[in-house]
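Since the structure comes first, as structure tokens, the remarks are kept for the end.
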Amino acid sequence: MTPFKLTDELLEEIRQLIAEKKNAELQAMMKEFHYADIAEIADELEVEEATYLIKLLDSEKTSDILAEMHEDIREAVLKNLTAKEIAGELSELDTDDAADIINELPKEIVQEVISEIEDRDHAKDIVDLLRYEDDSAGGLMAKELVKVNENWTVTTCIKEMRAQAENVTRVHSIYVVDDEGKLKGRLSLKDLLTTSSKTHIKNVYIPKVDSVNVNEKGEEVAKIMSKYDLEAIPVVDEIGRLVGRITIDDIVDVIREEADKDYQMAAGISQDVEVSDSIWILTRARLPWLILGLLGGLGAAAIMGTFEDMISKHAVLFFFTPLIAAMAGNVGVQSSAIVVQGLANDDLKGSVRNHLLKEMLLALLNGFILAILLLTFTWIWKGAFATALAISLSLIVVIVVAGFIGTFIPLFLHKRNIDPAIATGPFITTSNDIFGILIYFWIAKVILGI
């Protein structure tokens, strides 16, 4: 299959067909595309054009298209649809996707849309999902699954599974419950097919099954599914009843969103933003960290001001100030990035003391090698060994301190349930700039005897 690529020529052709209302040709063209590709096309169209396309195609396909569209474009398109039209789209979607779209609708029409859904069981399941937090297992799960009772015979089990499978897009697992609906285990399809038809399920099911509670955070669910290579995981309520399942496609979205958030925080952006957001929203997201950087710069300048006499006597120290600040910032960001990545992947094991010790030893080794190179360069360039030694020793200490700060702060924040990603980028860079400049001039003052 050739990967889809949306070109300007193709987009213009689609726009032309919409403008001329050549519905038959447009429908024929769309049949050749996957729903995800059509969603990409719709994202690039004007809202009126995207709405026209959605209304033209069958609900069975447009429901998936809506689920894949960019949130802002989808929200605008939904405003152009009636409650009945929206309900028709939701009827074709799995409950988790339908609940996500319901959450984006204006509150005043939510009840009307739900009342228009013809399948009342489907509507009830959607409403049930709306009570969970978006980033919880309950908010991520779908109600569609295949479950069998442990007291059924194989014959009854197969009959019931056929009926349930009609509403499930893809069967990942067969779950076994008791008479109260509590999750007991899972059923192997091989065992089901090779067992006598009169055998009861409780005699053949596998009691070991991984599950998550409805209130579990999405990040934790992602870690569990990643660790055990699961395509789907059942979700249970507070008393162990099976209430839904989470599939890998939903977890991929969670991982991507979390990565985007961490990347933005590391870059010094305090809220979730996109390139299409207004200048005001982008400014509010960036300005707090820029102010922090400004304060850090003013702090570093103030520290340098206290060593004005020393700088006037040894002007060469001034020229190495940017190098010291840059090395402190770089080492701090490197250390914090490794720690944050380890925490995110749940790979960071052992005590905080061991991690700090390892990082400081690593920083010491790197600092020593860099200091030798800097000492050689400065001595040859300026011919003043004492000055070169002061700058080089400062570099070692600054790198060790930066490594300590870059490692300790993310671990400290994590222990207090604060996202450690906030520690990377501007926060670490600014703090290390200040400490780096202070250490640099203090050591130079001691060695040069000023």
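Residue numbering restarts at 1 in every chain; chains get A, B, ... in the order shown in the structure tokens, and ligands count up from 1 in that same order.
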
Within 10 Å of Leu189 in chain A using only C-alpha atoms, minus same-chain residues under 2 positions, as a list in words: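 Listing them by chain and then by number gives Ser173, Ile174, Arg186, Leu187, Asp191, Leu192, Leu193, Thr194 and Tyr205 of chain A.
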
Going by DSSP on the backbone, which residues of range 70-190 of chain A come out as alpha helix (DSSP H)? List them as a JSON list (two decimals) with N, CA, C and O atoms, in the first residue's frame.
[["chain", "number", "residue", "atom", "x", "y", "z"],
["A", 71, "GLU", "N", -9.07, 18.41, 16.59],
["A", 71, "GLU", "CA", -10.15, 18.80, 17.51],
["A", 71, "GLU", "C", -10.81, 20.12, 17.13],
["A", 71, "GLU", "O", -12.04, 20.25, 17.17],
["A", 72, "ASP", "N", -10.00, 21.11, 16.78],
["A", 72, "ASP", "CA", -10.56, 22.43, 16.47],
["A", 72, "ASP", "C", -11.44, 22.38, 15.23],
["A", 72, "ASP", "O", -12.52, 22.99, 15.19],
["A", 73, "ILE", "N", -10.98, 21.67, 14.20],
["A", 73, "ILE", "CA", -11.76, 21.56, 12.96],
["A", 73, "ILE", "C", -13.03, 20.76, 13.21],
["A", 73, "ILE", "O", -14.11, 21.12, 12.75],
["A", 74, "ARG", "N", -12.90, 19.66, 13.96],
["A", 74, "ARG", "CA", -14.07, 18.83, 14.27],
["A", 74, "ARG", "C", -15.11, 19.64, 15.04],
["A", 74, "ARG", "O", -16.32, 19.56, 14.76],
["A", 75, "GLU", "N", -14.66, 20.42, 16.01],
["A", 75, "GLU", "CA", -15.59, 21.22, 16.80],
["A", 75, "GLU", "C", -16.34, 22.20, 15.92],
["A", 75, "GLU", "O", -17.55, 22.40, 16.08],
["A", 76, "ALA", "N", -15.64, 22.81, 14.96],
["A", 76, "ALA", "CA", -16.28, 23.77, 14.06],
["A", 76, "ALA", "C", -17.28, 23.07, 13.14],
["A", 76, "ALA", "O", -18.36, 23.60, 12.86],
["A", 77, "VAL", "N", -16.92, 21.88, 12.66],
["A", 77, "VAL", "CA", -17.82, 21.12, 11.78],
["A", 77, "VAL", "C", -19.07, 20.69, 12.53],
["A", 77, "VAL", "O", -20.20, 20.78, 12.01],
["A", 78, "LEU", "N", -18.91, 20.23, 13.76],
["A", 78, "LEU", "CA", -20.06, 19.77, 14.55],
["A", 78, "LEU", "C", -21.07, 20.89, 14.80],
["A", 78, "LEU", "O", -22.27, 20.63, 14.92],
["A", 83, "ALA", "N", -28.47, 18.16, 15.89],
["A", 83, "ALA", "CA", -28.33, 17.17, 16.96],
["A", 83, "ALA", "C", -28.58, 15.77, 16.42],
["A", 83, "ALA", "O", -27.90, 14.81, 16.81],
["A", 84, "LYS", "N", -29.53, 15.63, 15.53],
["A", 84, "LYS", "CA", -29.85, 14.33, 14.96],
["A", 84, "LYS", "C", -28.71, 13.81, 14.09],
["A", 84, "LYS", "O", -28.38, 12.62, 14.11],
["A", 85, "GLU", "N", -28.09, 14.71, 13.32],
["A", 85, "GLU", "CA", -26.95, 14.31, 12.47],
["A", 85, "GLU", "C", -25.76, 13.89, 13.33],
["A", 85, "GLU", "O", -25.08, 12.90, 13.01],
["A", 86, "ILE", "N", -25.52, 14.62, 14.39],
["A", 86, "ILE", "CA", -24.41, 14.26, 15.30],
["A", 86, "ILE", "C", -24.69, 12.91, 15.94],
["A", 86, "ILE", "O", -23.80, 12.05, 16.05],
["A", 87, "ALA", "N", -25.92, 12.69, 16.38],
["A", 87, "ALA", "CA", -26.31, 11.42, 16.99],
["A", 87, "ALA", "C", -26.09, 10.26, 16.02],
["A", 87, "ALA", "O", -25.66, 9.18, 16.43],
["A", 88, "GLY", "N", -26.39, 10.50, 14.74],
["A", 88, "GLY", "CA", -26.17, 9.47, 13.74],
["A", 88, "GLY", "C", -24.70, 9.09, 13.62],
["A", 88, "GLY", "O", -24.37, 7.91, 13.44],
["A", 89, "GLU", "N", -23.83, 10.08, 13.72],
["A", 89, "GLU", "CA", -22.39, 9.81, 13.66],
["A", 89, "GLU", "C", -21.93, 9.05, 14.91],
["A", 89, "GLU", "O", -21.16, 8.09, 14.82],
["A", 90, "LEU", "N", -22.42, 9.46, 16.07],
["A", 90, "LEU", "CA", -22.02, 8.82, 17.32],
["A", 90, "LEU", "C", -22.48, 7.37, 17.39],
["A", 90, "LEU", "O", -21.83, 6.54, 18.03],
["A", 91, "SER", "N", -23.59, 7.08, 16.75],
["A", 91, "SER", "CA", -24.12, 5.71, 16.76],
["A", 91, "SER", "C", -23.18, 4.72, 16.10],
["A", 91, "SER", "O", -23.20, 3.52, 16.39],
["A", 95, "THR", "N", -17.91, 3.48, 21.97],
["A", 95, "THR", "CA", -18.36, 4.37, 23.04],
["A", 95, "THR", "C", -17.28, 5.35, 23.51],
["A", 95, "THR", "O", -17.59, 6.49, 23.86],
["A", 96, "ASP", "N", -16.01, 4.92, 23.51],
["A", 96, "ASP", "CA", -14.96, 5.82, 23.98],
["A", 96, "ASP", "C", -14.78, 7.01, 23.04],
["A", 96, "ASP", "O", -14.65, 8.16, 23.49],
["A", 97, "ASP", "N", -14.78, 6.75, 21.73],
["A", 97, "ASP", "CA", -14.67, 7.84, 20.76],
["A", 97, "ASP", "C", -15.90, 8.74, 20.79],
["A", 97, "ASP", "O", -15.80, 9.96, 20.68],
["A", 98, "ALA", "N", -17.08, 8.11, 20.93],
["A", 98, "ALA", "CA", -18.32, 8.89, 21.00],
["A", 98, "ALA", "C", -18.32, 9.80, 22.23],
["A", 98, "ALA", "O", -18.72, 10.97, 22.15],
["A", 99, "ALA", "N", -17.85, 9.30, 23.36],
["A", 99, "ALA", "CA", -17.81, 10.09, 24.59],
["A", 99, "ALA", "C", -16.84, 11.27, 24.45],
["A", 99, "ALA", "O", -17.11, 12.37, 24.94],
["A", 100, "ASP", "N", -15.71, 11.04, 23.76],
["A", 100, "ASP", "CA", -14.75, 12.13, 23.53],
["A", 100, "ASP", "C", -15.39, 13.26, 22.73],
["A", 100, "ASP", "O", -15.18, 14.44, 23.03],
["A", 101, "ILE", "N", -16.16, 12.90, 21.70],
["A", 101, "ILE", "CA", -16.81, 13.92, 20.88],
["A", 101, "ILE", "C", -17.91, 14.62, 21.66],
["A", 101, "ILE", "O", -18.07, 15.85, 21.57],
["A", 102, "ILE", "N", -18.67, 13.87, 22.46],
["A", 102, "ILE", "CA", -19.73, 14.47, 23.29],
["A", 102, "ILE", "C", -19.13, 15.54, 24.21],
["A", 102, "ILE", "O", -19.71, 16.61, 24.43],
["A", 103, "ASN", "N", -17.95, 15.26, 24.75],
["A", 103, "ASN", "CA", -17.29, 16.20, 25.66],
["A", 103, "ASN", "C", -16.93, 17.51, 24.99],
["A", 103, "ASN", "O", -16.70, 18.52, 25.66],
["A", 104, "GLU", "N", -16.80, 17.50, 23.65],
["A", 104, "GLU", "CA", -16.43, 18.71, 22.92],
["A", 104, "GLU", "C", -17.65, 19.55, 22.53],
["A", 104, "GLU", "O", -17.49, 20.69, 22.09],
["A", 107, "LYS", "N", -22.58, 22.44, 26.09],
["A", 107, "LYS", "CA", -23.38, 21.74, 27.10],
["A", 107, "LYS", "C", -24.88, 21.80, 26.81],
["A", 107, "LYS", "O", -25.61, 20.87, 27.15],
["A", 108, "GLU", "N", -25.31, 22.88, 26.16],
["A", 108, "GLU", "CA", -26.74, 23.05, 25.95],
["A", 108, "GLU", "C", -27.33, 22.06, 24.94],
["A", 108, "GLU", "O", -28.55, 21.88, 24.89],
["A", 109, "ILE", "N", -26.48, 21.41, 24.11],
["A", 109, "ILE", "CA", -27.04, 20.47, 23.13],
["A", 109, "ILE", "C", -26.67, 19.01, 23.42],
["A", 109, "ILE", "O", -27.10, 18.12, 22.71],
["A", 110, "VAL", "N", -25.87, 18.79, 24.47],
["A", 110, "VAL", "CA", -25.43, 17.42, 24.79],
["A", 110, "VAL", "C", -26.63, 16.51, 25.04],
["A", 110, "VAL", "O", -26.72, 15.41, 24.48],
["A", 111, "GLN", "N", -27.55, 16.95, 25.88],
["A", 111, "GLN", "CA", -28.71, 16.13, 26.21],
["A", 111, "GLN", "C", -29.56, 15.85, 24.98],
["A", 111, "GLN", "O", -30.07, 14.73, 24.80],
["A", 112, "GLU", "N", -29.69, 16.84, 24.12],
["A", 112, "GLU", "CA", -30.48, 16.67, 22.90],
["A", 112, "GLU", "C", -29.84, 15.62, 21.98],
["A", 112, "GLU", "O", -30.54, 14.79, 21.40],
["A", 113, "VAL", "N", -28.51, 15.69, 21.85],
["A", 113, "VAL", "CA", -27.80, 14.72, 21.00],
["A", 113, "VAL", "C", -27.97, 13.32, 21.55],
["A", 113, "VAL", "O", -28.27, 12.37, 20.80],
["A", 114, "ILE", "N", -27.78, 13.15, 22.85],
["A", 114, "ILE", "CA", -27.89, 11.82, 23.47],
["A", 114, "ILE", "C", -29.31, 11.26, 23.28],
["A", 114, "ILE", "O", -29.49, 10.07, 23.02],
["A", 115, "SER", "N", -30.30, 12.12, 23.41],
["A", 115, "SER", "CA", -31.70, 11.67, 23.26],
["A", 115, "SER", "C", -32.01, 11.24, 21.83],
["A", 115, "SER", "O", -32.96, 10.50, 21.59],
["A", 116, "GLU", "N", -31.22, 11.72, 20.86],
["A", 116, "GLU", "CA", -31.44, 11.37, 19.46],
["A", 116, "GLU", "C", -30.77, 10.05, 19.06],
["A", 116, "GLU", "O", -31.01, 9.54, 17.96],
["A", 120, "ARG", "N", -30.52, 2.78, 22.59],
["A", 120, "ARG", "CA", -30.51, 3.30, 23.95],
["A", 120, "ARG", "C", -29.41, 2.69, 24.81],
["A", 120, "ARG", "O", -28.88, 3.34, 25.72],
["A", 121, "ASP", "N", -29.06, 1.43, 24.54],
["A", 121, "ASP", "CA", -27.95, 0.82, 25.29],
["A", 121, "ASP", "C", -26.64, 1.53, 24.96],
["A", 121, "ASP", "O", -25.80, 1.77, 25.85],
["A", 122, "HIS", "N", -26.48, 1.87, 23.68],
["A", 122, "HIS", "CA", -25.28, 2.60, 23.25],
["A", 122, "HIS", "C", -25.24, 3.97, 23.92],
["A", 122, "HIS", "O", -24.18, 4.41, 24.41],
["A", 123, "ALA", "N", -26.38, 4.65, 23.96],
["A", 123, "ALA", "CA", -26.46, 5.97, 24.59],
["A", 123, "ALA", "C", -26.15, 5.87, 26.09],
["A", 123, "ALA", "O", -25.44, 6.71, 26.65],
["A", 124, "LYS", "N", -26.67, 4.82, 26.73],
["A", 124, "LYS", "CA", -26.43, 4.62, 28.17],
["A", 124, "LYS", "C", -24.94, 4.41, 28.45],
["A", 124, "LYS", "O", -24.39, 4.94, 29.42],
["A", 125, "ASP", "N", -24.29, 3.63, 27.58],
["A", 125, "ASP", "CA", -22.86, 3.38, 27.76],
["A", 125, "ASP", "C", -22.05, 4.67, 27.60],
["A", 125, "ASP", "O", -21.07, 4.90, 28.32],
["A", 126, "ILE", "N", -22.44, 5.49, 26.64],
["A", 126, "ILE", "CA", -21.74, 6.77, 26.43],
["A", 126, "ILE", "C", -21.88, 7.66, 27.65],
["A", 126, "ILE", "O", -20.91, 8.25, 28.14],
["A", 127, "VAL", "N", -23.10, 7.77, 28.16],
["A", 127, "VAL", "CA", -23.35, 8.59, 29.36],
["A", 127, "VAL", "C", -22.56, 8.07, 30.54],
["A", 127, "VAL", "O", -22.01, 8.85, 31.34],
["A", 128, "ASP", "N", -22.43, 6.76, 30.65],
["A", 128, "ASP", "CA", -21.68, 6.15, 31.74],
["A", 128, "ASP", "C", -20.21, 6.57, 31.69],
["A", 128, "ASP", "O", -19.58, 6.82, 32.72],
["A", 129, "LEU", "N", -19.66, 6.67, 30.48],
["A", 129, "LEU", "CA", -18.25, 7.05, 30.33],
["A", 129, "LEU", "C", -18.01, 8.53, 30.65],
["A", 129, "LEU", "O", -16.90, 8.91, 31.03],
["A", 137, "ALA", "N", -8.39, 5.75, 33.45],
["A", 137, "ALA", "CA", -8.71, 4.53, 32.70],
["A", 137, "ALA", "C", -10.18, 4.50, 32.31],
["A", 137, "ALA", "O", -10.53, 4.08, 31.21],
["A", 138, "GLY", "N", -11.05, 4.99, 33.20],
["A", 138, "GLY", "CA", -12.47, 5.05, 32.89],
["A", 138, "GLY", "C", -12.76, 5.96, 31.72],
["A", 138, "GLY", "O", -13.65, 5.70, 30.91],
["A", 139, "GLY", "N", -12.02, 7.07, 31.64],
["A", 139, "GLY", "CA", -12.21, 8.00, 30.53],
["A", 139, "GLY", "C", -11.65, 7.51, 29.22],
["A", 139, "GLY", "O", -12.06, 7.95, 28.15],
["A", 140, "LEU", "N", -10.70, 6.57, 29.28],
["A", 140, "LEU", "CA", -10.06, 6.04, 28.07],
["A", 140, "LEU", "C", -10.74, 4.78, 27.54],
["A", 140, "LEU", "O", -10.64, 4.46, 26.37],
["A", 154, "VAL", "N", -19.42, -24.47, 26.88],
["A", 154, "VAL", "CA", -18.74, -24.00, 25.67],
["A", 154, "VAL", "C", -19.77, -23.66, 24.58],
["A", 154, "VAL", "O", -19.64, -22.66, 23.88],
["A", 155, "THR", "N", -20.82, -24.47, 24.47],
["A", 155, "THR", "CA", -21.85, -24.22, 23.45],
["A", 155, "THR", "C", -22.53, -22.88, 23.68],
["A", 155, "THR", "O", -22.68, -22.06, 22.75],
["A", 156, "THR", "N", -22.95, -22.61, 24.91],
["A", 156, "THR", "CA", -23.59, -21.34, 25.25],
["A", 156, "THR", "C", -22.62, -20.18, 25.05],
["A", 156, "THR", "O", -23.00, -19.11, 24.55],
["A", 157, "CYS", "N", -21.39, -20.42, 25.40],
["A", 157, "CYS", "CA", -20.36, -19.40, 25.28],
["A", 157, "CYS", "C", -20.20, -18.95, 23.82],
["A", 157, "CYS", "O", -20.18, -17.75, 23.52],
["A", 158, "ILE", "N", -20.10, -19.91, 22.91],
["A", 158, "ILE", "CA", -19.92, -19.58, 21.49],
["A", 158, "ILE", "C", -21.12, -18.81, 20.95],
["A", 158, "ILE", "O", -20.98, -17.83, 20.21],
["A", 159, "LYS", "N", -22.31, -19.23, 21.35],
["A", 159, "LYS", "CA", -23.53, -18.56, 20.92],
["A", 159, "LYS", "C", -23.55, -17.10, 21.39],
["A", 159, "LYS", "O", -23.88, -16.19, 20.62],
["A", 160, "GLU", "N", -23.21, -16.89, 22.65],
["A", 160, "GLU", "CA", -23.22, -15.54, 23.20],
["A", 160, "GLU", "C", -22.11, -14.68, 22.60],
["A", 160, "GLU", "O", -22.28, -13.48, 22.38],
["A", 161, "MET", "N", -20.97, -15.27, 22.35],
["A", 161, "MET", "CA", -19.85, -14.54, 21.76],
["A", 161, "MET", "C", -20.19, -14.02, 20.37],
["A", 161, "MET", "O", -19.81, -12.91, 19.99],
["A", 162, "ARG", "N", -20.90, -14.83, 19.59],
["A", 162, "ARG", "CA", -21.30, -14.40, 18.26],
["A", 162, "ARG", "C", -22.16, -13.14, 18.32],
["A", 162, "ARG", "O", -22.01, -12.22, 17.52],
["A", 163, "ALA", "N", -23.08, -13.12, 19.28],
["A", 163, "ALA", "CA", -23.97, -11.96, 19.44],
["A", 163, "ALA", "C", -23.20, -10.72, 19.88],
["A", 163, "ALA", "O", -23.42, -9.61, 19.38],
["A", 164, "GLN", "N", -22.27, -10.90, 20.81],
["A", 164, "GLN", "CA", -21.50, -9.76, 21.33],
["A", 164, "GLN", "C", -20.53, -9.21, 20.30],
["A", 164, "GLN", "O", -20.31, -8.00, 20.22],
["A", 165, "ALA", "N", -19.92, -10.09, 19.52],
["A", 165, "ALA", "CA", -18.88, -9.69, 18.57],
["A", 165, "ALA", "C", -19.40, -8.76, 17.49],
["A", 165, "ALA", "O", -18.62, -8.04, 16.85],
["A", 189, "LEU", "N", -8.87, -18.80, 22.87],
["A", 189, "LEU", "CA", -9.67, -19.26, 21.74],
["A", 189, "LEU", "C", -9.32, -20.70, 21.39],
["A", 189, "LEU", "O", -10.20, -21.50, 21.03],
["A", 190, "LYS", "N", -8.06, -21.04, 21.51],
["A", 190, "LYS", "CA", -7.63, -22.42, 21.22],
["A", 190, "LYS", "C", -8.31, -23.40, 22.19],
["A", 190, "LYS", "O", -8.82, -24.45, 21.77]]

query: Using only C-alpha atoms, which residue out of A:Ala444, A:Phe435, A:Leu370, A:Glu219 lies closest to Leu343 in chain A?
result: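 Going through A:Ala444, A:Phe435, A:Leu370, A:Glu219 one by one, the smallest distance to Leu343 in chain A is for A:Glu219.
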
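Every protein, DNA or RNA residue with an atom at most 9 Å from Leu373 in chain A, where only C-alpha atoms count and chain neighbours fewer than 5 positions away do not, is listed here: A:Phe368, A:Thr378, A:Ser392.
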
Saved selection, atoms kept: N, CA and C atoms, as a PDB file, in the first residue's frame:
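Result file result_27.pdb:
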ATOM      1  N   PHE A 368      36.699  17.140  34.305  1.00  0.00           N
ATOM      2  CA  PHE A 368      38.166  17.039  34.332  1.00  0.00           C
ATOM      3  C   PHE A 368      38.736  17.052  32.907  1.00  0.00           C
ATOM      4  N   THR A 378      43.791  28.139  27.284  1.00  0.00           N
ATOM      5  CA  THR A 378      43.903  29.449  27.929  1.00  0.00           C
ATOM      6  C   THR A 378      45.355  29.784  28.239  1.00  0.00           C
ATOM      7  N   SER A 392      39.747  26.871  34.729  1.00  0.00           N
ATOM      8  CA  SER A 392      39.587  25.429  34.529  1.00  0.00           C
ATOM      9  C   SER A 392      39.008  24.749  35.762  1.00  0.00           C
TER      10      SER A 392
END

At a cut-off of 12 Å, using only C-alpha atoms, what residues contact range 46-51 of chain A? Leave out same-chain residues fewer than 5 positions from it and give the result as a CSV table (one decimal) with N, CA, C and O atoms, in the first residue's frame.
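This went into part-v5.csv:
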chain,number,residue,atom,x,y,z
A,11,LEU,N,-5.7,18.6,-3.2
A,11,LEU,CA,-6.6,19.5,-2.4
A,11,LEU,C,-7.4,20.4,-3.2
A,11,LEU,O,-8.6,20.6,-3.0
A,12,GLU,N,-6.7,21.0,-4.2
A,12,GLU,CA,-7.4,21.9,-5.1
A,12,GLU,C,-8.5,21.2,-5.9
A,12,GLU,O,-9.6,21.8,-6.2
A,14,ILE,N,-10.2,18.5,-5.0
A,14,ILE,CA,-11.3,18.3,-4.1
A,14,ILE,C,-12.2,19.5,-3.9
A,14,ILE,O,-13.4,19.5,-3.9
A,15,ARG,N,-11.5,20.6,-3.7
A,15,ARG,CA,-12.2,21.9,-3.5
A,15,ARG,C,-13.0,22.2,-4.7
A,15,ARG,O,-14.2,22.8,-4.6
A,16,GLN,N,-12.5,22.0,-5.9
A,16,GLN,CA,-13.2,22.3,-7.1
A,16,GLN,C,-14.5,21.4,-7.2
A,16,GLN,O,-15.5,21.9,-7.6
A,17,LEU,N,-14.3,20.1,-6.9
A,17,LEU,CA,-15.5,19.2,-6.9
A,17,LEU,C,-16.6,19.7,-5.9
A,17,LEU,O,-17.8,19.6,-6.2
A,18,ILE,N,-16.1,20.1,-4.7
A,18,ILE,CA,-17.1,20.6,-3.7
A,18,ILE,C,-17.8,21.9,-4.2
A,18,ILE,O,-19.0,22.0,-4.1
A,19,ALA,N,-17.0,22.8,-4.8
A,19,ALA,CA,-17.6,24.0,-5.3
A,19,ALA,C,-18.6,23.8,-6.4
A,19,ALA,O,-19.6,24.5,-6.5
A,20,GLU,N,-18.3,22.8,-7.3
A,20,GLU,CA,-19.2,22.5,-8.4
A,20,GLU,C,-20.3,21.5,-8.0
A,20,GLU,O,-21.1,21.1,-8.9
A,21,LYS,N,-20.2,21.1,-6.8
A,21,LYS,CA,-21.2,20.1,-6.3
A,21,LYS,C,-21.3,18.8,-7.1
A,21,LYS,O,-22.4,18.3,-7.4
A,38,ILE,N,-8.9,10.9,4.7
A,38,ILE,CA,-10.0,11.8,4.5
A,38,ILE,C,-10.0,12.8,5.6
A,38,ILE,O,-10.3,14.0,5.4
A,39,ALA,N,-9.7,12.4,6.8
A,39,ALA,CA,-9.6,13.3,8.0
A,39,ALA,C,-8.5,14.3,7.8
A,39,ALA,O,-8.7,15.5,8.1
A,40,GLU,N,-7.4,13.9,7.2
A,40,GLU,CA,-6.3,14.8,6.9
A,40,GLU,C,-6.7,15.8,5.9
A,40,GLU,O,-6.4,17.0,6.0
A,41,ILE,N,-7.5,15.4,4.9
A,41,ILE,CA,-8.0,16.3,3.8
A,41,ILE,C,-9.0,17.3,4.5
A,41,ILE,O,-8.9,18.5,4.2
A,56,LEU,N,-21.9,14.6,2.9
A,56,LEU,CA,-22.1,13.8,1.7
A,56,LEU,C,-21.8,12.3,1.8
A,56,LEU,O,-22.5,11.5,1.2
A,57,LEU,N,-20.9,12.0,2.7
A,57,LEU,CA,-20.5,10.6,2.8
A,57,LEU,C,-21.4,9.8,3.8
A,57,LEU,O,-22.1,10.4,4.6
A,62,THR,N,-18.0,8.5,7.9
A,62,THR,CA,-17.7,9.8,8.4
A,62,THR,C,-17.6,9.8,9.9
A,62,THR,O,-16.9,10.7,10.5
A,65,ILE,N,-14.0,9.3,10.4
A,65,ILE,CA,-13.3,10.5,9.9
A,65,ILE,C,-13.4,11.6,11.0
A,65,ILE,O,-12.4,12.2,11.3
A,66,LEU,N,-14.5,11.8,11.6
A,66,LEU,CA,-14.7,12.8,12.7
A,66,LEU,C,-13.8,12.5,13.8
A,66,LEU,O,-13.2,13.4,14.4
A,69,MET,N,-10.2,13.6,13.0
A,69,MET,CA,-10.0,15.0,12.6
A,69,MET,C,-9.3,15.8,13.8
A,69,MET,O,-9.5,15.4,14.9
A,70,HIS,N,-8.7,16.9,13.4
A,70,HIS,CA,-8.1,17.8,14.4
A,70,HIS,C,-9.3,18.3,15.3
A,70,HIS,O,-10.4,18.7,14.8
A,72,ASP,N,-10.0,21.1,16.8
A,72,ASP,CA,-10.6,22.4,16.5
A,72,ASP,C,-11.4,22.4,15.2
A,72,ASP,O,-12.5,23.0,15.2
A,73,ILE,N,-11.0,21.7,14.2
A,73,ILE,CA,-11.8,21.6,13.0
A,73,ILE,C,-13.0,20.8,13.2
A,73,ILE,O,-14.1,21.1,12.7
A,74,ARG,N,-12.9,19.7,14.0
A,74,ARG,CA,-14.1,18.8,14.3
A,74,ARG,C,-15.1,19.6,15.0
A,74,ARG,O,-16.3,19.6,14.8
A,75,GLU,N,-14.7,20.4,16.0
A,75,GLU,CA,-15.6,21.2,16.8
A,75,GLU,C,-16.3,22.2,15.9
A,75,GLU,O,-17.6,22.4,16.1
A,76,ALA,N,-15.6,22.8,15.0
A,76,ALA,CA,-16.3,23.8,14.1
A,76,ALA,C,-17.3,23.1,13.1
A,76,ALA,O,-18.4,23.6,12.9
A,77,VAL,N,-16.9,21.9,12.7
A,77,VAL,CA,-17.8,21.1,11.8
A,77,VAL,C,-19.1,20.7,12.5
A,77,VAL,O,-20.2,20.8,12.0
A,78,LEU,N,-18.9,20.2,13.8
A,78,LEU,CA,-20.1,19.8,14.6
A,78,LEU,C,-21.1,20.9,14.8
A,78,LEU,O,-22.3,20.6,14.9
A,79,LYS,N,-20.6,22.1,14.9
A,79,LYS,CA,-21.5,23.3,15.0
A,79,LYS,C,-22.4,23.4,13.8
A,79,LYS,O,-23.5,24.1,14.0
A,80,ASN,N,-22.0,22.9,12.7
A,80,ASN,CA,-22.8,23.0,11.5
A,80,ASN,C,-23.7,21.8,11.3
A,80,ASN,O,-24.4,21.7,10.3
A,81,LEU,N,-23.7,20.9,12.2
A,81,LEU,CA,-24.6,19.7,12.1
A,81,LEU,C,-25.7,19.8,13.1
A,81,LEU,O,-25.5,20.4,14.2
A,82,THR,N,-26.8,19.2,12.8
A,82,THR,CA,-28.0,19.2,13.8
A,82,THR,C,-27.7,18.1,14.8
A,82,THR,O,-26.8,17.2,14.6
A,85,GLU,N,-28.1,14.7,13.3
A,85,GLU,CA,-27.0,14.3,12.5
A,85,GLU,C,-25.8,13.9,13.3
A,85,GLU,O,-25.1,12.9,13.0
A,86,ILE,N,-25.5,14.6,14.4
A,86,ILE,CA,-24.4,14.3,15.3
A,86,ILE,C,-24.7,12.9,15.9
A,86,ILE,O,-23.8,12.1,16.0

query: Which neighbours of range 235-242 of chain A fall inside 7 Å, counting only C-alpha atoms, when residues of the same chain fewer than 5 positions from it are skipped, and could you give them as a PyMOL selection string?
result: chain A and resi 181-183+211-214

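One distance worth recording is that between CA of Phe377 in chain A and CA of Ala328 in chain A, which is 19.4 Å.
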
query: So which residues touch Asp253 in chain A within 12 Å, counting only C-alpha atoms, skipping near sequence neighbours fewer than 3 positions away, as a PyMOL selection string?
result: chain A and resi 68+135+140+218-219+222+246-250+256-260

message: I'd like the contact shell of Gly403 in chain A - 8 Å cut-off, only C-alpha atoms, skipping same-chain residues fewer than 6 positions apart - returned as a list in words.
response: Val331, Gly332, Ser335, Glu359, Met360 and Ala363 of chain A
